[in-house]
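Asker: Sending over data07.txt (compact mmCIF, C-alpha atoms).
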# COMPACT_ATOMS: atom_id res chain seq x y z
CA MET O 16 44.43 -42.59 -10.67
CA ILE O 17 43.84 -42.72 -6.93
CA LYS O 18 40.44 -41.20 -6.50
CA PRO O 19 38.55 -42.98 -9.31
CA PHE O 20 39.66 -46.39 -8.01
CA PHE O 21 39.00 -45.57 -4.37
CA TRP O 22 35.55 -44.16 -5.00
CA LEU O 23 34.70 -47.03 -7.36
CA LEU O 24 35.39 -49.35 -4.42
CA PHE O 25 32.99 -47.39 -2.23
CA LEU O 26 30.38 -47.20 -4.98
CA ILE O 27 30.37 -50.97 -5.34
CA ALA O 28 30.24 -51.40 -1.56
CA SER O 29 27.25 -49.11 -1.35
CA LEU O 30 25.29 -51.39 -3.66
CA LEU O 31 25.75 -54.45 -1.43
CA PRO O 32 22.57 -55.72 0.22
CA ILE O 33 22.34 -55.47 3.97
CA SER O 34 22.11 -59.25 4.18
CA GLY O 35 25.70 -59.35 2.88
CA VAL O 36 27.06 -57.90 6.12
CA ALA O 37 29.27 -60.50 7.76
CA ALA O 38 28.78 -61.93 11.20
CA ASP O 39 31.63 -62.31 13.70
CA GLN O 40 33.06 -58.88 12.99
CA ALA O 41 32.53 -55.42 14.43
CA THR O 42 32.65 -52.06 12.70
CA VAL O 43 33.82 -49.34 15.08
CA PHE O 44 33.62 -45.61 14.39
CA VAL O 45 35.48 -42.79 16.14
CA TYR O 46 34.03 -39.28 16.51
CA HIS O 47 35.32 -36.17 18.25
CA ARG O 48 33.02 -33.14 17.94
CA PHE O 49 29.32 -32.86 17.14
CA GLY O 50 27.85 -29.76 15.51
CA ASP O 51 30.96 -27.65 16.17
CA SER O 52 31.87 -26.15 12.80
CA ARG O 53 34.81 -24.22 14.30
CA TYR O 54 36.87 -27.41 13.98
CA PRO O 55 35.81 -28.97 10.67
CA SER O 56 38.50 -31.68 10.54
CA THR O 57 37.19 -33.37 13.71
CA ASN O 58 33.53 -32.40 13.51
CA ILE O 59 30.39 -34.13 12.28
CA ALA O 60 27.16 -32.26 11.60
CA VAL O 61 24.42 -33.27 14.02
CA ASP O 62 21.94 -33.93 11.21
CA VAL O 63 24.43 -36.32 9.56
CA PHE O 64 24.94 -38.13 12.87
CA ALA O 65 21.16 -38.39 13.16
CA GLN O 66 21.02 -39.99 9.68
CA GLN O 67 23.66 -42.50 10.71
CA LEU O 68 21.83 -43.56 13.86
CA ALA O 69 18.54 -43.79 12.01
CA TYR O 70 20.19 -46.11 9.49
CA LEU O 71 21.55 -48.35 12.26
CA LYS O 72 18.08 -48.57 13.80
CA GLU O 73 16.28 -49.15 10.52
CA HIS O 74 18.60 -51.96 9.47
CA ARG O 75 18.70 -53.60 12.90
CA TYR O 76 22.37 -53.15 13.69
CA GLN O 77 23.39 -54.23 17.17
CA VAL O 78 25.11 -51.21 18.72
CA MET O 79 27.38 -52.19 21.62
CA THR O 80 30.02 -50.54 23.76
CA LEU O 81 33.56 -51.27 22.70
CA GLY O 82 34.04 -52.90 26.10
CA ASP O 83 31.25 -55.39 25.42
CA ILE O 84 32.83 -56.26 22.07
CA VAL O 85 36.22 -56.80 23.71
CA ALA O 86 34.59 -58.97 26.39
CA LEU O 87 33.13 -61.26 23.72
CA LEU O 88 36.52 -61.51 22.01
CA GLU O 89 38.22 -62.31 25.31
CA ALA O 90 35.67 -65.04 26.04
CA GLY O 91 36.20 -66.55 22.58
CA GLU O 92 32.56 -65.95 21.71
CA ALA O 93 31.33 -64.97 18.27
CA LEU O 94 30.39 -61.37 17.58
CA PRO O 95 26.78 -60.87 16.51
CA GLU O 96 25.80 -60.03 12.96
CA ARG O 97 25.71 -56.28 12.19
CA CYS O 98 27.79 -55.44 15.24
CA VAL O 99 28.74 -51.76 15.64
CA ALA O 100 30.39 -49.57 18.28
CA LEU O 101 30.29 -45.78 18.44
CA THR O 102 33.36 -44.32 20.16
CA VAL O 103 34.15 -40.68 20.89
CA ASP O 104 37.56 -39.23 21.78
CA ASP O 105 38.51 -36.24 23.96
CA GLY O 106 35.35 -35.55 25.99
CA TYR O 107 34.13 -32.32 24.40
CA GLU O 108 30.92 -30.69 25.63
CA SER O 109 29.45 -31.16 22.16
CA PHE O 110 29.13 -34.87 22.93
CA LEU O 111 26.58 -33.99 25.61
CA THR O 112 24.78 -31.31 23.60
CA GLY O 113 24.98 -32.78 20.11
CA ALA O 114 25.30 -36.56 20.38
CA MET O 115 23.56 -37.56 23.60
CA PRO O 116 20.03 -36.40 22.68
CA LEU O 117 20.19 -38.66 19.62
CA LEU O 118 21.78 -41.57 21.50
CA ARG O 119 18.98 -41.32 24.06
CA GLN O 120 16.37 -41.19 21.31
CA TYR O 121 17.65 -44.40 19.73
CA GLN O 122 18.73 -45.96 23.05
CA PHE O 123 22.24 -46.62 21.74
CA PRO O 124 25.30 -46.92 23.99
CA ALA O 125 28.64 -45.28 23.26
CA THR O 126 32.22 -45.35 24.53
CA LEU O 127 33.75 -41.99 25.49
CA PHE O 128 37.54 -41.73 25.82
CA VAL O 129 38.61 -38.88 28.11
CA ASN O 130 41.99 -37.17 28.62
CA THR O 131 41.75 -36.09 32.23
CA ASP O 132 43.91 -32.91 32.22
CA ALA O 133 41.28 -31.30 29.98
CA VAL O 134 38.26 -32.20 32.13
CA GLY O 135 36.38 -29.08 33.15
CA GLY O 136 38.31 -26.89 30.73
CA LYS O 137 36.81 -24.68 28.07
CA SER O 138 34.61 -26.74 25.70
CA TYR O 139 35.26 -29.92 27.73
CA LEU O 140 32.94 -31.92 29.96
CA ASP O 141 33.49 -31.66 33.71
CA TRP O 142 33.59 -34.51 36.22
CA ALA O 143 29.96 -34.10 37.27
CA GLN O 144 28.83 -34.36 33.66
CA LEU O 145 31.04 -37.38 33.06
CA LYS O 146 29.68 -39.10 36.17
CA ALA O 147 26.10 -38.45 35.02
CA LEU O 148 26.91 -39.86 31.59
CA GLN O 149 28.49 -42.94 33.14
CA ASP O 150 25.43 -43.43 35.33
CA GLU O 151 23.33 -43.21 32.16
CA GLY O 152 25.26 -46.08 30.58
CA ILE O 153 28.02 -44.34 28.65
CA GLU O 154 31.25 -46.30 28.89
CA ILE O 155 34.24 -44.15 29.88
CA GLY O 156 37.73 -45.02 28.64
CA ASN O 157 41.22 -43.70 29.35
CA HIS O 158 42.67 -41.32 26.73
CA SER O 159 45.74 -40.44 28.87
CA ALA O 160 46.07 -37.48 31.23
CA SER O 161 47.87 -34.89 29.09
CA HIS O 162 47.03 -36.18 25.55
CA PRO O 163 50.74 -36.25 24.61
CA TYR O 164 52.59 -37.45 21.54
CA PHE O 165 53.80 -40.64 23.22
CA VAL O 166 55.72 -41.80 20.14
CA SER O 167 57.60 -38.51 19.70
CA GLN O 168 58.74 -38.66 23.31
CA GLN O 169 59.78 -42.27 22.86
CA VAL O 170 62.37 -41.40 20.20
CA LYS O 171 63.69 -38.47 22.27
CA MET O 172 64.14 -40.22 25.63
CA GLU O 173 66.05 -43.17 27.01
CA ASN O 174 63.79 -46.20 27.12
CA ALA O 175 63.58 -46.52 30.92
CA ALA O 176 62.86 -42.82 31.35
CA TRP O 177 60.22 -42.91 28.63
CA GLN O 178 58.52 -45.94 30.18
CA GLN O 179 58.35 -44.21 33.54
CA TRP O 180 57.03 -40.96 32.02
CA ALA O 181 54.39 -42.73 29.91
CA ARG O 182 53.20 -44.86 32.83
CA GLN O 183 52.94 -41.84 35.12
CA ASP O 184 50.75 -40.01 32.63
CA ILE O 185 48.40 -42.94 32.09
CA GLU O 186 48.27 -43.93 35.76
CA LYS O 187 47.53 -40.32 36.74
CA ALA O 188 44.42 -40.51 34.57
CA GLN O 189 43.44 -43.85 36.11
CA GLN O 190 43.67 -42.39 39.60
CA LEU O 191 41.43 -39.47 38.66
CA PHE O 192 38.86 -41.78 37.09
CA ALA O 193 38.81 -43.81 40.30
CA ARG O 194 38.43 -40.68 42.41
CA PHE O 195 35.68 -38.94 40.43
CA LEU O 196 33.89 -41.82 38.66
CA GLY O 197 34.41 -44.61 41.16
CA ARG O 198 36.05 -46.97 38.70
CA GLN O 199 39.13 -47.27 36.52
CA PRO O 200 38.63 -47.81 32.78
CA GLN O 201 39.66 -51.08 31.19
CA LEU O 202 40.00 -49.57 27.72
CA PHE O 203 42.59 -47.12 26.40
CA ALA O 204 42.59 -44.98 23.25
CA TYR O 205 45.90 -43.67 21.90
CA PRO O 206 46.08 -39.87 21.58
CA TYR O 207 46.14 -38.96 17.87
CA GLY O 208 45.76 -42.67 17.15
CA GLU O 209 49.55 -43.06 17.44
CA TYR O 210 51.16 -46.11 19.02
CA SER O 211 54.30 -48.22 18.91
CA SER O 212 54.99 -51.82 19.84
CA GLU O 213 56.58 -50.55 23.07
CA LEU O 214 53.53 -48.43 23.96
CA MET O 215 51.24 -51.37 23.24
CA SER O 216 53.31 -53.42 25.67
CA GLU O 217 53.01 -50.73 28.36
CA ILE O 218 49.23 -50.58 27.95
CA ARG O 219 49.01 -54.35 28.29
CA GLN O 220 51.22 -54.40 31.39
CA LEU O 221 49.13 -51.66 33.00
CA GLY O 222 46.18 -54.05 32.93
CA PHE O 223 44.00 -52.61 30.17
CA LYS O 224 41.88 -55.15 28.31
CA ALA O 225 42.37 -53.48 24.91
CA ALA O 226 43.40 -50.25 23.21
CA ALA O 227 41.87 -48.40 20.28
CA ALA O 228 43.80 -46.68 17.52
CA GLN O 229 42.55 -44.70 14.52
CA GLN O 230 43.73 -46.67 11.49
CA SER O 231 40.66 -47.74 9.56
CA GLY O 232 39.45 -51.32 9.48
CA VAL O 233 37.03 -53.92 10.82
CA ILE O 234 37.51 -55.80 14.09
CA THR O 235 37.54 -59.60 14.23
CA ALA O 236 38.97 -62.10 16.69
CA ALA O 237 42.25 -61.85 14.75
CA ALA O 238 42.54 -58.07 15.23
CA PRO O 239 45.42 -56.92 17.45
CA ARG O 240 43.78 -56.37 20.84
CA TYR O 241 46.01 -53.37 21.64
CA ALA O 242 45.67 -51.64 18.27
CA LEU O 243 42.00 -52.05 17.43
CA PRO O 244 41.03 -50.27 14.20
CA ARG O 245 38.30 -47.63 14.00
CA PHE O 246 36.86 -45.77 11.04
CA PRO O 247 37.24 -41.98 11.56
CA MET O 248 34.10 -39.86 11.31
CA GLY O 249 35.37 -36.30 11.06
CA GLY O 250 35.84 -33.71 8.34
CA GLY O 251 35.44 -35.09 4.82
CA TYR O 252 34.90 -38.60 6.18
CA ALA O 253 31.90 -37.56 8.30
CA THR O 254 29.18 -38.28 5.77
CA PHE O 255 26.16 -40.53 5.68
CA ASP O 256 27.29 -42.27 2.49
CA GLY O 257 30.77 -42.90 3.83
CA PHE O 258 29.30 -44.33 7.02
CA ARG O 259 26.98 -46.66 5.12
CA LYS O 260 29.73 -47.88 2.79
CA LYS O 261 32.13 -48.61 5.65
CA LEU O 262 29.43 -50.69 7.34
CA ALA O 263 29.52 -52.95 4.28
CA MET O 264 33.28 -53.59 4.49
CA HIS O 265 34.73 -56.94 5.56
CA ALA O 266 37.91 -57.49 7.57
CA MET O 267 40.81 -58.71 5.44
CA THR O 268 42.70 -61.47 7.26
CA VAL O 269 46.22 -60.02 7.31
CA THR O 270 49.13 -60.99 9.56
CA VAL O 271 51.94 -58.44 9.48
CA VAL O 272 55.36 -60.11 9.30
CA SER O 273 57.49 -56.96 9.19
CA PRO O 274 58.16 -54.32 10.31
CA GLY O 275 57.36 -54.79 14.00
CA GLY O 276 55.38 -51.57 14.41
CA PRO O 277 54.20 -48.39 12.71
CA LEU O 278 57.25 -46.19 13.45
CA LEU O 279 59.18 -45.30 10.31
CA GLY O 280 62.92 -45.76 10.51
CA ASP O 281 65.50 -45.02 7.86
CA GLN O 282 63.56 -46.85 5.16
CA ASP O 283 60.97 -44.57 3.59
CA PRO O 284 58.86 -45.66 1.83
CA PRO O 285 58.56 -48.68 4.12
CA VAL O 286 58.21 -52.25 2.89
CA LEU O 287 55.22 -54.01 4.44
CA GLN O 288 55.47 -57.81 4.46
CA PHE O 289 52.35 -59.70 5.39
CA LYS O 290 50.61 -63.04 5.21
CA LEU O 291 47.19 -63.08 3.66
CA ASP O 292 44.29 -65.51 3.65
CA GLY O 293 43.81 -65.74 -0.10
CA ASP O 294 40.76 -67.99 0.18
CA GLU O 295 38.47 -65.09 1.09
CA ILE O 296 39.45 -62.63 -1.64
CA GLU O 297 40.09 -62.41 -5.36
CA LEU O 298 43.87 -61.95 -5.34
CA ALA O 299 43.80 -60.28 -8.75
CA THR O 300 41.87 -57.38 -7.21
CA LEU O 301 44.30 -56.79 -4.32
CA ARG O 302 45.46 -53.18 -4.28
CA CYS O 303 47.22 -50.85 -1.86
CA TYR O 304 46.03 -47.28 -1.47
CA VAL O 305 48.66 -44.81 -0.16
CA GLN O 306 47.68 -41.35 1.05
CA GLY O 307 48.81 -38.74 -1.46
CA GLN O 308 50.12 -41.29 -3.97
CA GLU O 309 48.95 -43.56 -6.72
CA THR O 310 47.56 -47.00 -5.99
CA VAL O 311 50.23 -49.73 -5.96
CA LEU O 312 50.10 -53.50 -6.34
CA ALA O 313 51.11 -56.03 -3.72
CA ARG O 314 53.76 -58.55 -4.81
CA GLN O 315 53.45 -62.21 -3.87
CA VAL O 316 56.76 -63.29 -2.30
CA ASP O 317 55.92 -66.88 -1.35
CA ALA O 318 52.72 -68.41 -2.72
CA GLU O 319 52.90 -71.50 -0.51
CA ALA O 320 53.28 -69.43 2.67
CA GLY O 321 50.80 -66.79 1.50
CA LEU O 322 53.48 -64.11 1.91
CA PHE O 323 53.16 -60.74 0.19
CA GLU O 324 54.91 -57.40 0.28
CA VAL O 325 53.96 -53.91 -0.77
CA VAL O 326 55.88 -50.64 -0.92
CA ALA O 327 54.84 -47.14 -1.97
CA THR O 328 56.45 -45.53 -4.99
CA GLN O 329 57.60 -42.42 -3.07
CA PRO O 330 58.46 -41.41 0.52
CA LEU O 331 55.35 -41.03 2.65
CA GLN O 332 53.82 -37.60 3.22
CA GLY O 333 52.84 -36.10 6.56
CA ARG O 334 53.36 -37.18 10.15
CA ARG O 335 50.86 -40.04 9.80
CA ASN O 336 50.21 -42.09 6.69
CA LYS O 337 48.71 -45.48 5.88
CA TYR O 338 48.88 -48.41 3.52
CA THR O 339 45.25 -49.46 2.96
CA LEU O 340 44.82 -52.88 1.36
CA THR O 341 41.55 -53.57 -0.44
CA ALA O 342 40.29 -56.53 -2.42
CA GLN O 343 37.04 -57.93 -3.73
CA GLY O 344 35.71 -60.97 -1.88
CA ARG O 345 35.24 -64.30 -3.62
CA LYS O 346 31.65 -64.30 -2.39
CA GLY O 347 31.11 -60.61 -3.04
CA GLY O 348 31.75 -57.47 -1.06
CA TRP O 349 35.03 -55.69 -0.38
CA TYR O 350 37.73 -56.49 2.15
CA TRP O 351 39.86 -53.92 3.96
CA PHE O 352 43.04 -53.67 6.03
CA SER O 353 44.99 -50.55 7.03
CA GLN O 354 48.59 -50.30 8.28
CA LEU O 355 49.54 -47.11 10.11
CA TRP O 356 52.89 -45.36 9.58
CA ILE O 357 54.26 -42.61 11.84
CA HIS O 358 57.04 -40.09 11.24
CA PRO O 359 57.70 -39.11 14.89
Output the file's structure as structure tokens, nothing else.
Answerer:
Amino acid sequence: MIKPFFWLLFLIASLLPISGVAADQATVFVYHRFGDSRYPSTNIAVDVFAQQLAYLKEHRYQVMTLGDIVALLEAGEALPERCVALTVDDGYESFLTGAMPLLRQYQFPATLFVNTDAVGGKSYLDWAQLKALQDEGIEIGNHSASHPYFVSQQVKMENAAWQQWARQDIEKAQQLFARFLGRQPQLFAYPYGEYSSELMSEIRQLGFKAAAAQQSGVITAAAPRYALPRFPMGGGYATFDGFRKKLAMHAMTVTVVSPGGPLLGDQDPPVLQFKLDGDEIELATLRCYVQGQETVLARQVDAEAGLFEVVATQPLQGRRNKYTLTAQGRKGGWYWFSQLWIHP
């Protein structure tokens, strides 16, 4: 069954000693609302967030901005041991009222991704508050202007028209950041965590250093710079135990061969072909968890090339779904990789 296996994985991970946390990788979390129970799916209780920060402090995690992590990756430098980034999407007022007092208490930085059309609206931070936060050391990133479904528009429009529309939205936000904050962000976060290979290309051409998505996983030098994984911290995922267990995860070294992006075409369920570094994991423990379905096994296609493929047993449910690969490490611990799928 799905849940017993998945929670057994987390139970084992929770028993790992802190010294087992790998160096040269970064665990990044994404939050939205703090102490706002009106929106449970994107909210985290303030006392739970306080527990999480206390744990990071107690166990000497190095909390960095996502921009600082990207800068190290760009320079080819190793990431420090116990490296963590706290990111927040949408720019709600609850970040200021719920999260900031605790971030100040522990002297931790954070990266706040803002969609500019909402600035100053009901329940959103205004430009003066954002400027004060930036002056206090909070990193501000671009989350688009209108927070649109970029991928849905992509399948509805001609490519040239879509490119122009998408660029106008993102550049509008950049201009407002320059006007009100005095600088243009170098990081982008995809609204709803949705992206395509074409959108990734646009973000790169617009000059951003990296882009963050919302598929779960751990960042290493091998992570796609314009689809960086983040562990969601909202709703049922926003727990202290879940946070602690995800900190113990290792990045599985996976290179996707096909398909070229997360958009689902005519083939559903999709076939994911990937190359895998089998030296780091126990291949016999490799499993694929599919939302709403039973766990499936990955099939080795070419042992010499390290090529595998995996496919769900049924069509995928919902607008967004994932294949999450997990395996036990040869030296202990659990390894993790997540592939996003989108029904636009």
Asker: Pick the closest to Gly275 (chain O) from O:Ala327, O:Ala263, O:Leu81, O:Met215: which is it, counting only C-alpha atoms?
Answerer: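 For Gly275 (chain O), the nearest of the given residues is O:Met215.
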Asker: Looking at only C-alpha atoms, which of O:Leu71, O:Val63, O:Ile153, O:Val305 is the one that sits closest to Gly106 (chain O)?
Answerer: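 Of the candidates, the smallest distance to Gly106 (chain O) is held by O:Ile153.
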Asker: Of the candidates O:Gln122, O:Phe195, O:Thr102, O:Pro244, which shows the shortest atom-to-atom distance to Gln144 (chain O), using all atoms listed in the file?
Answerer: O:Phe195
Asker: Excluding Ala69 (chain O) and its own-chain neighbours fewer than 3 positions away, which residues fall within 12 Å of it when counting all atoms listed in the file? Please give them as a PDB file with C-alpha atoms, in the coordinates of the input.
Answerer:
ATOM      1  CA  ASP O  62      21.940 -33.930  11.210  1.00  0.00           C
ATOM      2  CA  VAL O  63      24.430 -36.320   9.560  1.00  0.00           C
ATOM      3  CA  PHE O  64      24.940 -38.130  12.870  1.00  0.00           C
ATOM      4  CA  ALA O  65      21.160 -38.390  13.160  1.00  0.00           C
ATOM      5  CA  GLN O  66      21.020 -39.990   9.680  1.00  0.00           C
ATOM      6  CA  LYS O  72      18.080 -48.570  13.800  1.00  0.00           C
ATOM      7  CA  GLU O  73      16.280 -49.150  10.520  1.00  0.00           C
ATOM      8  CA  HIS O  74      18.600 -51.960   9.470  1.00  0.00           C
ATOM      9  CA  ARG O  75      18.700 -53.600  12.900  1.00  0.00           C
ATOM     10  CA  TYR O  76      22.370 -53.150  13.690  1.00  0.00           C
ATOM     11  CA  VAL O  78      25.110 -51.210  18.720  1.00  0.00           C
ATOM     12  CA  LEU O 117      20.190 -38.660  19.620  1.00  0.00           C
ATOM     13  CA  LEU O 118      21.780 -41.570  21.500  1.00  0.00           C
ATOM     14  CA  GLN O 120      16.370 -41.190  21.310  1.00  0.00           C
ATOM     15  CA  TYR O 121      17.650 -44.400  19.730  1.00  0.00           C
ATOM     16  CA  GLN O 122      18.730 -45.960  23.050  1.00  0.00           C
ATOM     17  CA  PHE O 123      22.240 -46.620  21.740  1.00  0.00           C
ATOM     18  CA  PHE O 255      26.160 -40.530   5.680  1.00  0.00           C
ATOM     19  CA  PHE O 258      29.300 -44.330   7.020  1.00  0.00           C
ATOM     20  CA  ARG O 259      26.980 -46.660   5.120  1.00  0.00           C
TER      21      ARG O 259
END
Asker: With distances taken over all atoms listed in the file, which of O:Leu278, O:Pro284, O:Tyr338, O:Asp132 is nearest to Cys303 (chain O)?
Answerer: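 Counting all atoms listed in the file, the residue closest to Cys303 (chain O) is O:Tyr338.
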Asker: Quick one: of O:Gly307, O:Gly333, O:Gly321, O:Pro95, who's nearest to Gln288 (chain O), counting all atoms listed in the file?
Answerer: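 Counting all atoms listed in the file, the residue closest to Gln288 (chain O) is O:Gly321.
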Asker: Nearest to Trp180 (chain O): which of O:Leu291, O:Ala160, O:Leu88, O:Val103 is it, counting only C-alpha atoms?
Answerer: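 Between O:Leu291, O:Ala160, O:Leu88, O:Val103, the residue approaching Trp180 (chain O) most closely is O:Ala160.
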Asker: Rounded to one decimal place, report the CA of Asp39 (chain O)-CA of Gly347 (chain O) distance in Å.
Answerer: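 Going from CA of Asp39 (chain O) over to CA of Gly347 (chain O) covers 16.8 Å.
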Asker: Find the residues near Arg240 (chain O): any atom within 10 Å, counting all atoms listed in the file, skip ones fewer than 5 places away on the same chain, and give them as a list in words.
Answerer: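 Once the adjacent positions are removed, what remains is Val85, Leu88, Glu89, Met215, Arg219, Lys224, Ala225, Ala226, Ala227, Ile234 and Thr235 of chain O.
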Asker: Expressed in Å to a single decimal, how great is the separation between CA of Trp356 (chain O) and CA of Ser167 (chain O)?
Answerer: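 CA of Trp356 (chain O) sits 13.1 Å away from CA of Ser167 (chain O).
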Asker: Rounded to one decimal in Å, what is the spacing between CA of Lys261 (chain O) and CA of Leu101 (chain O)?
Answerer: 13.2 Å
Asker: Starting from the point (21.8, -42.5, 29.7), work out which residues of protein, DNA or RNA have an atom no more than 10 Å away when counting only C-alpha atoms; state them as a list in words.
Answerer: Met115, Pro116, Leu118, Arg119, Gln122, Phe123, Pro124, Ala125, Ala147, Leu148, Gln149, Asp150, Glu151, Gly152 and Ile153 of chain O
Asker: What lies within 8 Å of region 186-192 of chain O using all atoms listed in the file, ignoring chain neighbours under 4 positions off, as number ranges by chain?
Answerer: O: 130-132, 157, 159-160, 182, 196-200
Asker: Dig up all the protein and nucleic acid residues within 9 Å of (33.6, -58.5, -1.9) in the file frame, using all atoms listed in the file, and format them as a compact mmCIF listing (two decimals) with C-alpha atoms, in the frame of the given file.
Answerer:
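File produced: result.txt:
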# COMPACT_ATOMS: atom_id res chain seq x y z
CA ILE O 27 30.37 -50.97 -5.34
CA ALA O 28 30.24 -51.40 -1.56
CA LEU O 31 25.75 -54.45 -1.43
CA MET O 264 33.28 -53.59 4.49
CA HIS O 265 34.73 -56.94 5.56
CA GLU O 295 38.47 -65.09 1.09
CA ILE O 296 39.45 -62.63 -1.64
CA GLU O 297 40.09 -62.41 -5.36
CA ALA O 342 40.29 -56.53 -2.42
CA GLN O 343 37.04 -57.93 -3.73
CA GLY O 344 35.71 -60.97 -1.88
CA ARG O 345 35.24 -64.30 -3.62
CA LYS O 346 31.65 -64.30 -2.39
CA GLY O 347 31.11 -60.61 -3.04
CA GLY O 348 31.75 -57.47 -1.06
CA TRP O 349 35.03 -55.69 -0.38
CA TYR O 350 37.73 -56.49 2.15
Asker: Can you fill out region 154-166 of chain O with N, CA and C atoms and hand it back as a PDB file, in the coordinates of the input?
Answerer:
ATOM      1  N   GLU O 154      29.993 -45.695  28.451  1.00  0.00           N
ATOM      2  CA  GLU O 154      31.250 -46.300  28.890  1.00  0.00           C
ATOM      3  C   GLU O 154      32.364 -45.252  28.789  1.00  0.00           C
ATOM      4  N   ILE O 155      33.149 -45.118  29.854  1.00  0.00           N
ATOM      5  CA  ILE O 155      34.240 -44.150  29.880  1.00  0.00           C
ATOM      6  C   ILE O 155      35.571 -44.890  29.762  1.00  0.00           C
ATOM      7  N   GLY O 156      36.416 -44.429  28.837  1.00  0.00           N
ATOM      8  CA  GLY O 156      37.730 -45.020  28.640  1.00  0.00           C
ATOM      9  C   GLY O 156      38.834 -44.010  28.891  1.00  0.00           C
ATOM     10  N   ASN O 157      40.041 -44.513  29.065  1.00  0.00           N
ATOM     11  CA  ASN O 157      41.220 -43.700  29.350  1.00  0.00           C
ATOM     12  C   ASN O 157      41.843 -43.232  28.028  1.00  0.00           C
ATOM     13  N   HIS O 158      42.053 -41.916  27.923  1.00  0.00           N
ATOM     14  CA  HIS O 158      42.670 -41.320  26.730  1.00  0.00           C
ATOM     15  C   HIS O 158      43.949 -40.587  27.125  1.00  0.00           C
ATOM     16  N   SER O 159      44.546 -41.022  28.256  1.00  0.00           N
ATOM     17  CA  SER O 159      45.740 -40.440  28.870  1.00  0.00           C
ATOM     18  C   SER O 159      45.336 -39.262  29.753  1.00  0.00           C
ATOM     19  N   ALA O 160      46.315 -38.698  30.457  1.00  0.00           N
ATOM     20  CA  ALA O 160      46.070 -37.480  31.230  1.00  0.00           C
ATOM     21  C   ALA O 160      46.304 -36.241  30.378  1.00  0.00           C
ATOM     22  N   SER O 161      47.483 -36.134  29.774  1.00  0.00           N
ATOM     23  CA  SER O 161      47.870 -34.890  29.090  1.00  0.00           C
ATOM     24  C   SER O 161      47.701 -34.925  27.580  1.00  0.00           C
ATOM     25  N   HIS O 162      47.211 -36.043  27.010  1.00  0.00           N
ATOM     26  CA  HIS O 162      47.030 -36.180  25.550  1.00  0.00           C
ATOM     27  C   HIS O 162      48.344 -35.881  24.816  1.00  0.00           C
ATOM     28  N   PRO O 163      49.443 -36.555  25.204  1.00  0.00           N
ATOM     29  CA  PRO O 163      50.740 -36.250  24.610  1.00  0.00           C
ATOM     30  C   PRO O 163      50.992 -37.037  23.325  1.00  0.00           C
ATOM     31  N   TYR O 164      52.069 -36.652  22.655  1.00  0.00           N
ATOM     32  CA  TYR O 164      52.590 -37.450  21.540  1.00  0.00           C
ATOM     33  C   TYR O 164      53.543 -38.489  22.149  1.00  0.00           C
ATOM     34  N   PHE O 165      53.001 -39.608  22.569  1.00  0.00           N
ATOM     35  CA  PHE O 165      53.800 -40.640  23.220  1.00  0.00           C
ATOM     36  C   PHE O 165      54.968 -41.089  22.341  1.00  0.00           C
ATOM     37  N   VAL O 166      54.707 -41.252  21.048  1.00  0.00           N
ATOM     38  CA  VAL O 166      55.720 -41.800  20.140  1.00  0.00           C
ATOM     39  C   VAL O 166      56.858 -40.802  19.939  1.00  0.00           C
TER      40      VAL O 166
END
